[in-house]
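Trainee: Take a look at model-v5.cif, mmCIF, C-alpha atoms and all ligand atoms:
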```cif
data_coords
loop_
_atom_site.label_atom_id
_atom_site.label_comp_id
_atom_site.auth_asym_id
_atom_site.auth_seq_id
_atom_site.Cartn_x
_atom_site.Cartn_y
_atom_site.Cartn_z
CA MET A 1 76.54 -107.75 109.95
CA LYS A 2 78.20 -105.34 107.57
CA ASP A 3 79.77 -101.95 108.32
CA ILE A 4 77.71 -98.79 108.02
CA SER A 5 79.70 -95.61 107.37
CA LEU A 6 79.66 -93.24 110.35
CA ASP A 7 77.95 -90.51 108.38
CA LYS A 8 75.03 -92.87 107.72
CA ALA A 9 74.81 -94.72 111.06
CA TYR A 10 72.09 -92.29 112.21
CA ARG A 11 69.82 -93.98 109.68
CA LEU A 12 69.46 -96.94 112.04
CA LEU A 13 67.60 -94.55 114.37
CA ASN A 14 66.20 -92.00 111.99
CA HIS A 15 62.69 -93.29 111.54
CA GLY A 16 60.85 -92.19 114.63
CA PRO A 17 57.92 -90.05 113.53
CA LEU A 18 58.99 -87.06 111.55
CA ILE A 19 57.64 -83.78 112.90
CA LEU A 20 56.88 -80.40 111.43
CA VAL A 21 57.89 -77.57 113.74
CA SER A 22 55.48 -74.69 113.36
CA THR A 23 56.59 -71.21 114.49
CA ARG A 24 55.88 -67.49 114.27
CA SER A 25 58.36 -64.62 114.06
CA ALA A 26 58.28 -61.59 116.37
CA GLY A 27 56.85 -59.70 113.40
CA GLY A 28 53.99 -62.20 113.04
CA ASP A 29 55.16 -64.25 110.04
CA TYR A 30 54.27 -67.94 110.25
CA ASP A 31 56.67 -70.71 109.27
CA ILE A 32 56.85 -74.50 109.36
CA ALA A 33 59.72 -76.93 108.72
CA PRO A 34 60.27 -80.71 108.89
CA ILE A 35 62.56 -81.87 111.69
CA ALA A 36 63.37 -85.57 111.55
CA TRP A 37 65.73 -85.44 114.51
CA ASN A 38 63.48 -85.19 117.53
CA CYS A 39 62.51 -87.22 120.58
CA PRO A 40 60.60 -87.06 123.85
CA VAL A 41 62.85 -86.54 126.89
CA LYS A 42 60.40 -86.33 129.80
CA LYS A 43 56.93 -87.61 130.49
CA SER A 44 55.11 -85.21 132.78
CA PRO A 45 54.67 -82.70 131.42
CA THR A 46 55.73 -84.06 128.06
CA THR A 47 59.04 -82.45 127.14
CA VAL A 48 60.57 -82.80 123.69
CA LEU A 49 63.92 -82.24 122.03
CA ALA A 50 64.41 -81.12 118.45
CA ALA A 51 67.79 -80.73 116.70
CA ILE A 52 67.38 -77.53 114.69
CA GLY A 53 69.98 -75.92 112.43
CA LYS A 54 70.77 -72.41 113.65
CA SER A 55 70.56 -71.03 110.14
CA HIS A 56 66.89 -72.01 109.91
CA LYS A 57 64.18 -69.39 110.23
CA THR A 58 62.48 -71.89 112.54
CA TYR A 59 65.32 -71.46 115.05
CA ASP A 60 65.18 -67.66 114.96
CA ASN A 61 61.40 -67.72 115.40
CA ILE A 62 61.62 -69.97 118.46
CA LYS A 63 64.21 -67.67 120.02
CA GLU A 64 62.08 -64.60 119.22
CA THR A 65 58.73 -65.84 120.58
CA GLY A 66 59.72 -68.65 122.97
CA GLU A 67 57.15 -71.02 121.53
CA PHE A 68 56.55 -73.61 118.84
CA ILE A 69 54.13 -76.37 117.91
CA VAL A 70 55.30 -79.92 117.18
CA CYS A 71 52.99 -81.23 114.45
CA VAL A 72 53.02 -84.94 113.58
CA PRO A 73 52.06 -85.30 109.91
CA SER A 74 50.20 -88.34 108.65
CA ALA A 75 51.54 -90.78 106.08
CA GLY A 76 49.68 -89.07 103.23
CA GLN A 77 51.45 -85.76 103.83
CA ALA A 78 54.93 -86.54 102.49
CA ASP A 79 54.59 -83.90 99.78
CA MET A 80 53.91 -81.21 102.37
CA VAL A 81 57.00 -82.38 104.26
CA LYS A 82 59.21 -82.26 101.18
CA ASP A 83 57.82 -78.86 100.15
CA THR A 84 58.27 -77.22 103.53
CA GLY A 85 61.80 -78.62 103.79
CA SER A 86 62.80 -77.33 100.38
CA VAL A 87 62.74 -73.57 101.05
CA SER A 88 63.23 -71.23 104.00
CA GLY A 89 60.58 -69.17 105.69
CA ARG A 90 63.08 -66.29 105.41
CA ASN A 91 61.93 -65.62 101.87
CA THR A 92 58.79 -67.76 101.42
CA ASP A 93 55.39 -67.89 103.07
CA LYS A 94 55.23 -71.69 102.91
CA PHE A 95 51.54 -71.85 103.85
CA LYS A 96 50.63 -69.63 100.91
CA GLU A 97 53.23 -70.99 98.47
CA PHE A 98 52.25 -74.64 98.99
CA GLY A 99 48.54 -74.09 99.68
CA ILE A 100 48.76 -75.64 103.15
CA LYS A 101 45.37 -75.48 104.87
CA ALA A 102 45.91 -74.73 108.55
CA GLY A 103 44.21 -73.40 111.66
CA LYS A 104 45.59 -71.56 114.69
CA GLY A 105 47.00 -73.46 117.65
CA LYS A 106 44.70 -73.81 120.67
CA ASN A 107 46.99 -71.97 123.12
CA LEU A 108 49.81 -70.69 120.93
CA ASP A 109 49.76 -68.39 117.93
CA CYS A 110 51.33 -70.73 115.38
CA LEU A 111 49.61 -72.57 112.52
CA VAL A 112 48.60 -76.24 112.61
CA PRO A 113 48.12 -77.98 109.23
CA LYS A 114 44.86 -79.86 108.69
CA GLY A 115 45.03 -83.66 108.46
CA ILE A 116 47.88 -84.25 110.90
CA VAL A 117 47.89 -87.05 113.48
CA GLY A 118 48.37 -84.67 116.39
CA ALA A 119 50.19 -81.69 117.82
CA ILE A 120 52.08 -80.69 120.96
CA GLU A 121 52.16 -76.99 121.73
CA CYS A 122 55.45 -76.17 123.47
CA LYS A 123 57.08 -73.34 125.35
CA PHE A 124 60.82 -73.09 124.77
CA LYS A 125 62.70 -74.24 127.85
CA GLU A 126 66.40 -74.38 127.04
CA GLU A 127 68.85 -75.28 124.33
CA TYR A 128 72.18 -77.05 124.08
CA ASP A 129 74.77 -76.25 121.47
CA GLU A 130 75.86 -79.23 119.41
CA GLY A 131 76.66 -77.23 116.29
CA VAL A 132 72.98 -77.54 115.64
CA ALA A 133 70.75 -76.30 118.47
CA LEU A 134 69.23 -79.02 120.65
CA VAL A 135 66.02 -77.19 121.48
CA ILE A 136 64.01 -78.39 124.49
CA GLY A 137 60.34 -77.51 124.72
CA GLU A 138 57.75 -78.22 127.40
CA ALA A 139 54.19 -79.08 126.42
CA VAL A 140 51.43 -76.66 127.38
CA ARG A 141 48.68 -78.28 125.30
CA ALA A 142 48.38 -81.34 123.06
CA TYR A 143 45.67 -82.84 120.87
CA GLY A 144 45.27 -85.66 118.42
CA SER A 145 42.99 -86.71 115.60
CA LYS A 146 39.94 -88.66 116.87
CA GLU A 147 40.73 -91.70 114.72
CA GLY A 148 44.53 -91.24 114.75
CA PHE A 149 45.16 -91.09 118.49
CA ILE A 150 43.17 -93.43 120.72
CA LYS A 151 45.18 -93.55 123.97
CA ARG A 152 48.24 -93.91 121.69
CA VAL A 153 49.04 -93.23 118.07
CA TYR A 154 46.68 -95.58 116.26
CA PRO A 155 48.20 -96.83 112.97
CA GLU A 156 45.37 -99.37 112.73
CA ASN A 157 43.41 -96.39 111.35
CA ARG A 158 44.59 -94.48 108.27
CA GLU A 159 44.45 -91.19 110.24
CA GLY A 160 47.02 -92.56 112.71
CA ARG A 161 49.65 -93.68 110.24
CA THR A 162 52.73 -91.53 110.86
CA LEU A 163 55.50 -90.65 108.46
CA HIS A 164 59.07 -91.79 109.03
CA HIS A 165 62.13 -90.32 107.38
CA LEU A 166 64.64 -93.00 106.43
CA GLY A 167 67.21 -90.43 105.24
CA GLY A 168 67.71 -88.70 101.91
CA GLY A 169 64.42 -88.57 100.01
CA ASP A 170 63.04 -91.82 101.45
CA PHE A 171 60.14 -92.17 103.87
CA SER A 172 58.12 -95.06 105.22
CA ALA A 173 54.64 -95.09 106.68
CA ASP A 174 53.82 -96.62 110.04
CA SER A 175 52.57 -100.16 109.72
CA ARG A 176 49.07 -101.28 110.56
CA ASP A 177 50.61 -104.22 112.39
CA VAL A 178 50.59 -103.55 116.10
CA ILE A 179 52.53 -106.19 117.96
C1 LIG B 1 62.61 -84.93 105.56
C2 LIG B 1 63.36 -83.76 106.12
C3 LIG B 1 63.87 -83.84 107.40
C4 LIG B 1 64.59 -82.76 107.95
N1 LIG B 1 65.08 -82.86 109.23
C5 LIG B 1 65.76 -81.79 109.76
C6 LIG B 1 66.24 -81.87 111.10
O1 LIG B 1 66.09 -82.84 111.82
N2 LIG B 1 66.90 -80.78 111.59
C7 LIG B 1 67.11 -79.64 110.84
O2 LIG B 1 67.70 -78.67 111.34
N3 LIG B 1 66.66 -79.56 109.56
C8 LIG B 1 65.98 -80.60 109.02
N4 LIG B 1 65.51 -80.54 107.73
C9 LIG B 1 65.79 -79.32 106.96
C10 LIG B 1 64.83 -78.16 107.20
O3 LIG B 1 63.50 -78.61 107.38
C11 LIG B 1 64.89 -77.22 105.98
O4 LIG B 1 66.19 -76.69 105.86
C12 LIG B 1 63.85 -76.10 106.02
O5 LIG B 1 63.78 -75.54 104.75
C13 LIG B 1 64.18 -75.02 107.03
O6 LIG B 1 63.18 -74.04 106.90
P1 LIG B 1 63.18 -72.67 107.70
O7 LIG B 1 64.41 -71.87 107.29
O8 LIG B 1 61.91 -72.00 107.26
O9 LIG B 1 63.20 -72.97 109.15
C14 LIG B 1 64.80 -81.59 107.17
C15 LIG B 1 64.27 -81.52 105.87
C16 LIG B 1 63.56 -82.59 105.35
C17 LIG B 1 63.00 -82.48 103.96
#
```
As structure tokens, how would this structure be written, given the file I've shared?
Ligand SMILES: Cc1cc2nc3c(=O)[nH]c(=O)nc-3n(C[C@H](O)[C@H](O)[C@H](O)COP(=O)(O)O)c2cc1C
Mentor:
Amino acid sequence: MKDISLDKAYRLLNHGPLILVSTRSAGGDYDIAPIAWNCPVKKSPTTVLAAIGKSHKTYDNIKETGEFIVCVPSAGQADMVKDTGSVSGRNTDKFKEFGIKAGKGKNLDCLVPKGIVGAIECKFKEEYDEGVALVIGEAVRAYGSKEGFIKRVYPENREGRTLHHLGGGDFSADSRDVI
């Protein structure tokens, strides 16, 4: 084994599925941003944690409306991820700027991009301050692509191949090999 510097050690864990957090401001502006640092923390109802920089519009929107949608992009959507992570919703309508086709959430008024593997609509529950905000959300509704989620994420089908952020500008796609 060789040493990994402590500012890169997170990369051993980084590649769970990347999510896009979709939000709406109190004034009704929609936004969406990639959040690589996320994980489930409870099963029933599904409860998730996302580490969100407090300077992000995404954070303000969640605090303003108390809701957000966790969207799991598919492996073919890396460009959308890079685009939406390159600017802030403070000064850009990312859906318009990047031509992202999206529909409304089923319960919540946030936008859900077409072609994703699935989505979890969440109500904000609490947050912990770790410099970044560790935002906890509780699922109120969830849905997945017919071919991409069959009892579990289904990477055997192209629609179920998730995107994983390795750090920097590198991503990998979920493998078709299910062990
Ligand atoms: C691949 C990728 C992963 C990212 N992961 C995170 C993350 O885990 N937490 C975070 O706060 N920002 C993360 N970012 C940065 C935000 O997505 C980015 O700053 C975004 O422009 C914020 O937009 P907003 O101001 O509209 O919320 C990531 C960006 C990229 C491209």
Trainee: Excluding Ser22 of chain A and residues on its chain fewer than 3 positions from it, collect all residues at most 10 Å away from it, counting only C-alpha atoms, and give them as a PyMOL selection string.
Mentor: chain A and resi 19+30-34+58+61-62+67-71+105+109-113+119+121
Trainee: Output as JSON lines one row per residue of chain A within 10 Å of ligand LIG 1 (chain B): the closest atom pair and its distance in Å to one decimal place, counting only C-alpha atoms and all ligand atoms, sorted by chain and residue number ascending.
Mentor:
```
{"residue": "A:Asn14", "atom": "CA", "partner": "B:LIG1", "partner_atom": "O1", "distance": 9.2}
{"residue": "A:Leu18", "atom": "CA", "partner": "B:LIG1", "partner_atom": "C3", "distance": 7.2}
{"residue": "A:Ile19", "atom": "CA", "partner": "B:LIG1", "partner_atom": "C3", "distance": 8.3}
{"residue": "A:Leu20", "atom": "CA", "partner": "B:LIG1", "partner_atom": "O3", "distance": 8.0}
{"residue": "A:Val21", "atom": "CA", "partner": "B:LIG1", "partner_atom": "O9", "distance": 8.4}
{"residue": "A:Ser22", "atom": "CA", "partner": "B:LIG1", "partner_atom": "O9", "distance": 9.0}
{"residue": "A:Thr23", "atom": "CA", "partner": "B:LIG1", "partner_atom": "O9", "distance": 8.7}
{"residue": "A:Tyr30", "atom": "CA", "partner": "B:LIG1", "partner_atom": "O8", "distance": 9.2}
{"residue": "A:Asp31", "atom": "CA", "partner": "B:LIG1", "partner_atom": "O8", "distance": 5.8}
{"residue": "A:Ile32", "atom": "CA", "partner": "B:LIG1", "partner_atom": "O8", "distance": 6.0}
{"residue": "A:Ala33", "atom": "CA", "partner": "B:LIG1", "partner_atom": "O3", "distance": 4.3}
{"residue": "A:Pro34", "atom": "CA", "partner": "B:LIG1", "partner_atom": "O3", "distance": 4.1}
{"residue": "A:Ile35", "atom": "CA", "partner": "B:LIG1", "partner_atom": "N1", "distance": 3.7}
{"residue": "A:Ala36", "atom": "CA", "partner": "B:LIG1", "partner_atom": "O1", "distance": 3.9}
{"residue": "A:Trp37", "atom": "CA", "partner": "B:LIG1", "partner_atom": "O1", "distance": 3.8}
{"residue": "A:Asn38", "atom": "CA", "partner": "B:LIG1", "partner_atom": "O1", "distance": 6.7}
{"residue": "A:Ala50", "atom": "CA", "partner": "B:LIG1", "partner_atom": "O1", "distance": 7.1}
{"residue": "A:Ala51", "atom": "CA", "partner": "B:LIG1", "partner_atom": "N2", "distance": 5.2}
{"residue": "A:Ile52", "atom": "CA", "partner": "B:LIG1", "partner_atom": "O2", "distance": 3.6}
{"residue": "A:Gly53", "atom": "CA", "partner": "B:LIG1", "partner_atom": "O2", "distance": 3.7}
{"residue": "A:Lys54", "atom": "CA", "partner": "B:LIG1", "partner_atom": "O2", "distance": 7.3}
{"residue": "A:Ser55", "atom": "CA", "partner": "B:LIG1", "partner_atom": "O7", "distance": 6.8}
{"residue": "A:His56", "atom": "CA", "partner": "B:LIG1", "partner_atom": "O7", "distance": 3.6}
{"residue": "A:Lys57", "atom": "CA", "partner": "B:LIG1", "partner_atom": "O7", "distance": 3.9}
{"residue": "A:Thr58", "atom": "CA", "partner": "B:LIG1", "partner_atom": "O9", "distance": 3.6}
{"residue": "A:Tyr59", "atom": "CA", "partner": "B:LIG1", "partner_atom": "O9", "distance": 6.4}
{"residue": "A:Asp60", "atom": "CA", "partner": "B:LIG1", "partner_atom": "O9", "distance": 8.1}
{"residue": "A:Asn61", "atom": "CA", "partner": "B:LIG1", "partner_atom": "O9", "distance": 8.4}
{"residue": "A:Ile62", "atom": "CA", "partner": "B:LIG1", "partner_atom": "O9", "distance": 9.9}
{"residue": "A:Ala78", "atom": "CA", "partner": "B:LIG1", "partner_atom": "C1", "distance": 8.4}
{"residue": "A:Asp79", "atom": "CA", "partner": "B:LIG1", "partner_atom": "C17", "distance": 9.5}
{"residue": "A:Met80", "atom": "CA", "partner": "B:LIG1", "partner_atom": "C17", "distance": 9.3}
{"residue": "A:Val81", "atom": "CA", "partner": "B:LIG1", "partner_atom": "C17", "distance": 6.0}
{"residue": "A:Lys82", "atom": "CA", "partner": "B:LIG1", "partner_atom": "C17", "distance": 4.7}
{"residue": "A:Asp83", "atom": "CA", "partner": "B:LIG1", "partner_atom": "C17", "distance": 7.4}
{"residue": "A:Thr84", "atom": "CA", "partner": "B:LIG1", "partner_atom": "O5", "distance": 5.9}
{"residue": "A:Gly85", "atom": "CA", "partner": "B:LIG1", "partner_atom": "O5", "distance": 3.8}
{"residue": "A:Ser86", "atom": "CA", "partner": "B:LIG1", "partner_atom": "O5", "distance": 4.8}
{"residue": "A:Val87", "atom": "CA", "partner": "B:LIG1", "partner_atom": "O5", "distance": 4.3}
{"residue": "A:Ser88", "atom": "CA", "partner": "B:LIG1", "partner_atom": "O7", "distance": 3.6}
{"residue": "A:Gly89", "atom": "CA", "partner": "B:LIG1", "partner_atom": "O8", "distance": 3.5}
{"residue": "A:Arg90", "atom": "CA", "partner": "B:LIG1", "partner_atom": "O7", "distance": 6.0}
{"residue": "A:Asn91", "atom": "CA", "partner": "B:LIG1", "partner_atom": "O8", "distance": 8.4}
{"residue": "A:Thr92", "atom": "CA", "partner": "B:LIG1", "partner_atom": "O8", "distance": 7.9}
{"residue": "A:Asp93", "atom": "CA", "partner": "B:LIG1", "partner_atom": "O8", "distance": 8.8}
{"residue": "A:Lys94", "atom": "CA", "partner": "B:LIG1", "partner_atom": "O8", "distance": 8.0}
{"residue": "A:Val132", "atom": "CA", "partner": "B:LIG1", "partner_atom": "O2", "distance": 6.9}
{"residue": "A:Ala133", "atom": "CA", "partner": "B:LIG1", "partner_atom": "O2", "distance": 8.1}
{"residue": "A:Leu134", "atom": "CA", "partner": "B:LIG1", "partner_atom": "O2", "distance": 9.4}
{"residue": "A:Leu163", "atom": "CA", "partner": "B:LIG1", "partner_atom": "C1", "distance": 9.6}
{"residue": "A:His164", "atom": "CA", "partner": "B:LIG1", "partner_atom": "C1", "distance": 8.5}
{"residue": "A:His165", "atom": "CA", "partner": "B:LIG1", "partner_atom": "C1", "distance": 5.7}
{"residue": "A:Leu166", "atom": "CA", "partner": "B:LIG1", "partner_atom": "C1", "distance": 8.4}
{"residue": "A:Gly167", "atom": "CA", "partner": "B:LIG1", "partner_atom": "C1", "distance": 7.2}
{"residue": "A:Gly168", "atom": "CA", "partner": "B:LIG1", "partner_atom": "C1", "distance": 7.3}
{"residue": "A:Gly169", "atom": "CA", "partner": "B:LIG1", "partner_atom": "C1", "distance": 6.9}
{"residue": "A:Asp170", "atom": "CA", "partner": "B:LIG1", "partner_atom": "C1", "distance": 8.0}
{"residue": "A:Phe171", "atom": "CA", "partner": "B:LIG1", "partner_atom": "C1", "distance": 7.8}
```
Trainee: Listing only residues of segment 40-92 of chain A within 9 Å of segment 140-161 of chain A, what is the closest atom pair and its distance in Å (to one decimal) for each, using all atoms listed in the file, sorted by chain and residue number ascending, as JSON lines?
Mentor:
```
{"residue": "A:Pro45", "atom": "CA", "partner": "A:Val140", "partner_atom": "CA", "distance": 8.0}
{"residue": "A:Thr46", "atom": "CA", "partner": "A:Val140", "partner_atom": "CA", "distance": 8.6}
{"residue": "A:Pro73", "atom": "CA", "partner": "A:Arg161", "partner_atom": "CA", "distance": 8.7}
{"residue": "A:Ser74", "atom": "CA", "partner": "A:Arg161", "partner_atom": "CA", "distance": 5.6}
{"residue": "A:Ala75", "atom": "CA", "partner": "A:Arg161", "partner_atom": "CA", "distance": 5.4}
{"residue": "A:Gly76", "atom": "CA", "partner": "A:Arg161", "partner_atom": "CA", "distance": 8.4}
```
Trainee: Just C-alpha atoms for this one: save the residues we selected as a compact mmCIF listing (two decimals), in the frame of the given file.
Mentor:
```txt
# COMPACT_ATOMS: atom_id res chain seq x y z
CA PRO A 45 54.67 -82.70 131.42
CA THR A 46 55.73 -84.06 128.06
CA PRO A 73 52.06 -85.30 109.91
CA SER A 74 50.20 -88.34 108.65
CA ALA A 75 51.54 -90.78 106.08
CA GLY A 76 49.68 -89.07 103.23
```
Trainee: Just to confirm, what's the straight-line distance from atom CA of Cys122 of chain A to atom CA of Thr65 of chain A in Å (one decimal)?
Mentor: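 Answer for the atom CA of Cys122 of chain A to atom CA of Thr65 of chain A separation: 11.2 Å.
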Trainee: For a test of reading the model, state the distance in Å between atom CA of Ile136 of chain A and atom CA of Lys101 of chain A, rounded to one decimal.
Mentor: 27.2 Å
Trainee: Please indicate the distance in Å from atom CA of Ala173 of chain A to atom CA of Gln77 of chain A, rounded to one decimal place.
Mentor: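 If I compute the distance from atom CA of Ala173 of chain A to atom CA of Gln77 of chain A, I get 10.3 Å.
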Trainee: Could segment 155-171 of chain A be completed with N, CA and C atoms and written as a CSV table (one decimal), in the frame of the given file, please?
Mentor:
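Below is the file out_10.csv, written as the result:
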```csv
chain,number,residue,atom,x,y,z
A,155,PRO,N,48.0,-96.6,114.4
A,155,PRO,CA,48.2,-96.8,113.0
A,155,PRO,C,47.2,-97.8,112.4
A,156,GLU,N,46.4,-98.5,113.2
A,156,GLU,CA,45.4,-99.4,112.7
A,156,GLU,C,44.4,-98.6,111.9
A,157,ASN,N,44.3,-97.3,112.2
A,157,ASN,CA,43.4,-96.4,111.4
A,157,ASN,C,44.3,-95.5,110.4
A,158,ARG,N,43.8,-95.3,109.2
A,158,ARG,CA,44.6,-94.5,108.3
A,158,ARG,C,45.0,-93.1,108.9
A,159,GLU,N,44.2,-92.5,109.7
A,159,GLU,CA,44.4,-91.2,110.2
A,159,GLU,C,45.6,-91.2,111.3
A,160,GLY,N,46.0,-92.4,111.7
A,160,GLY,CA,47.0,-92.6,112.7
A,160,GLY,C,48.3,-93.1,112.1
A,161,ARG,N,48.4,-93.2,110.8
A,161,ARG,CA,49.6,-93.7,110.2
A,161,ARG,C,50.7,-92.5,110.1
A,162,THR,N,51.7,-92.6,110.9
A,162,THR,CA,52.7,-91.5,110.9
A,162,THR,C,53.7,-91.7,109.7
A,163,LEU,N,54.5,-90.7,109.6
A,163,LEU,CA,55.5,-90.6,108.5
A,163,LEU,C,56.9,-90.7,109.1
A,164,HIS,N,57.7,-91.6,108.5
A,164,HIS,CA,59.1,-91.8,109.0
A,164,HIS,C,60.1,-91.5,108.0
A,165,HIS,N,61.1,-90.7,108.3
A,165,HIS,CA,62.1,-90.3,107.4
A,165,HIS,C,63.3,-91.3,107.5
A,166,LEU,N,63.6,-92.0,106.4
A,166,LEU,CA,64.6,-93.0,106.4
A,166,LEU,C,66.0,-92.4,106.1
A,167,GLY,N,66.0,-91.1,105.7
A,167,GLY,CA,67.2,-90.4,105.2
A,167,GLY,C,67.1,-90.1,103.8
A,168,GLY,N,67.8,-89.1,103.3
A,168,GLY,CA,67.7,-88.7,101.9
A,168,GLY,C,66.3,-88.4,101.6
A,169,GLY,N,65.8,-88.9,100.4
A,169,GLY,CA,64.4,-88.6,100.0
A,169,GLY,C,63.5,-89.7,100.3
A,170,ASP,N,63.9,-90.6,101.2
A,170,ASP,CA,63.0,-91.8,101.4
A,170,ASP,C,62.3,-91.7,102.8
A,171,PHE,N,61.0,-92.1,102.7
A,171,PHE,CA,60.1,-92.2,103.9
A,171,PHE,C,59.5,-93.5,103.9
```
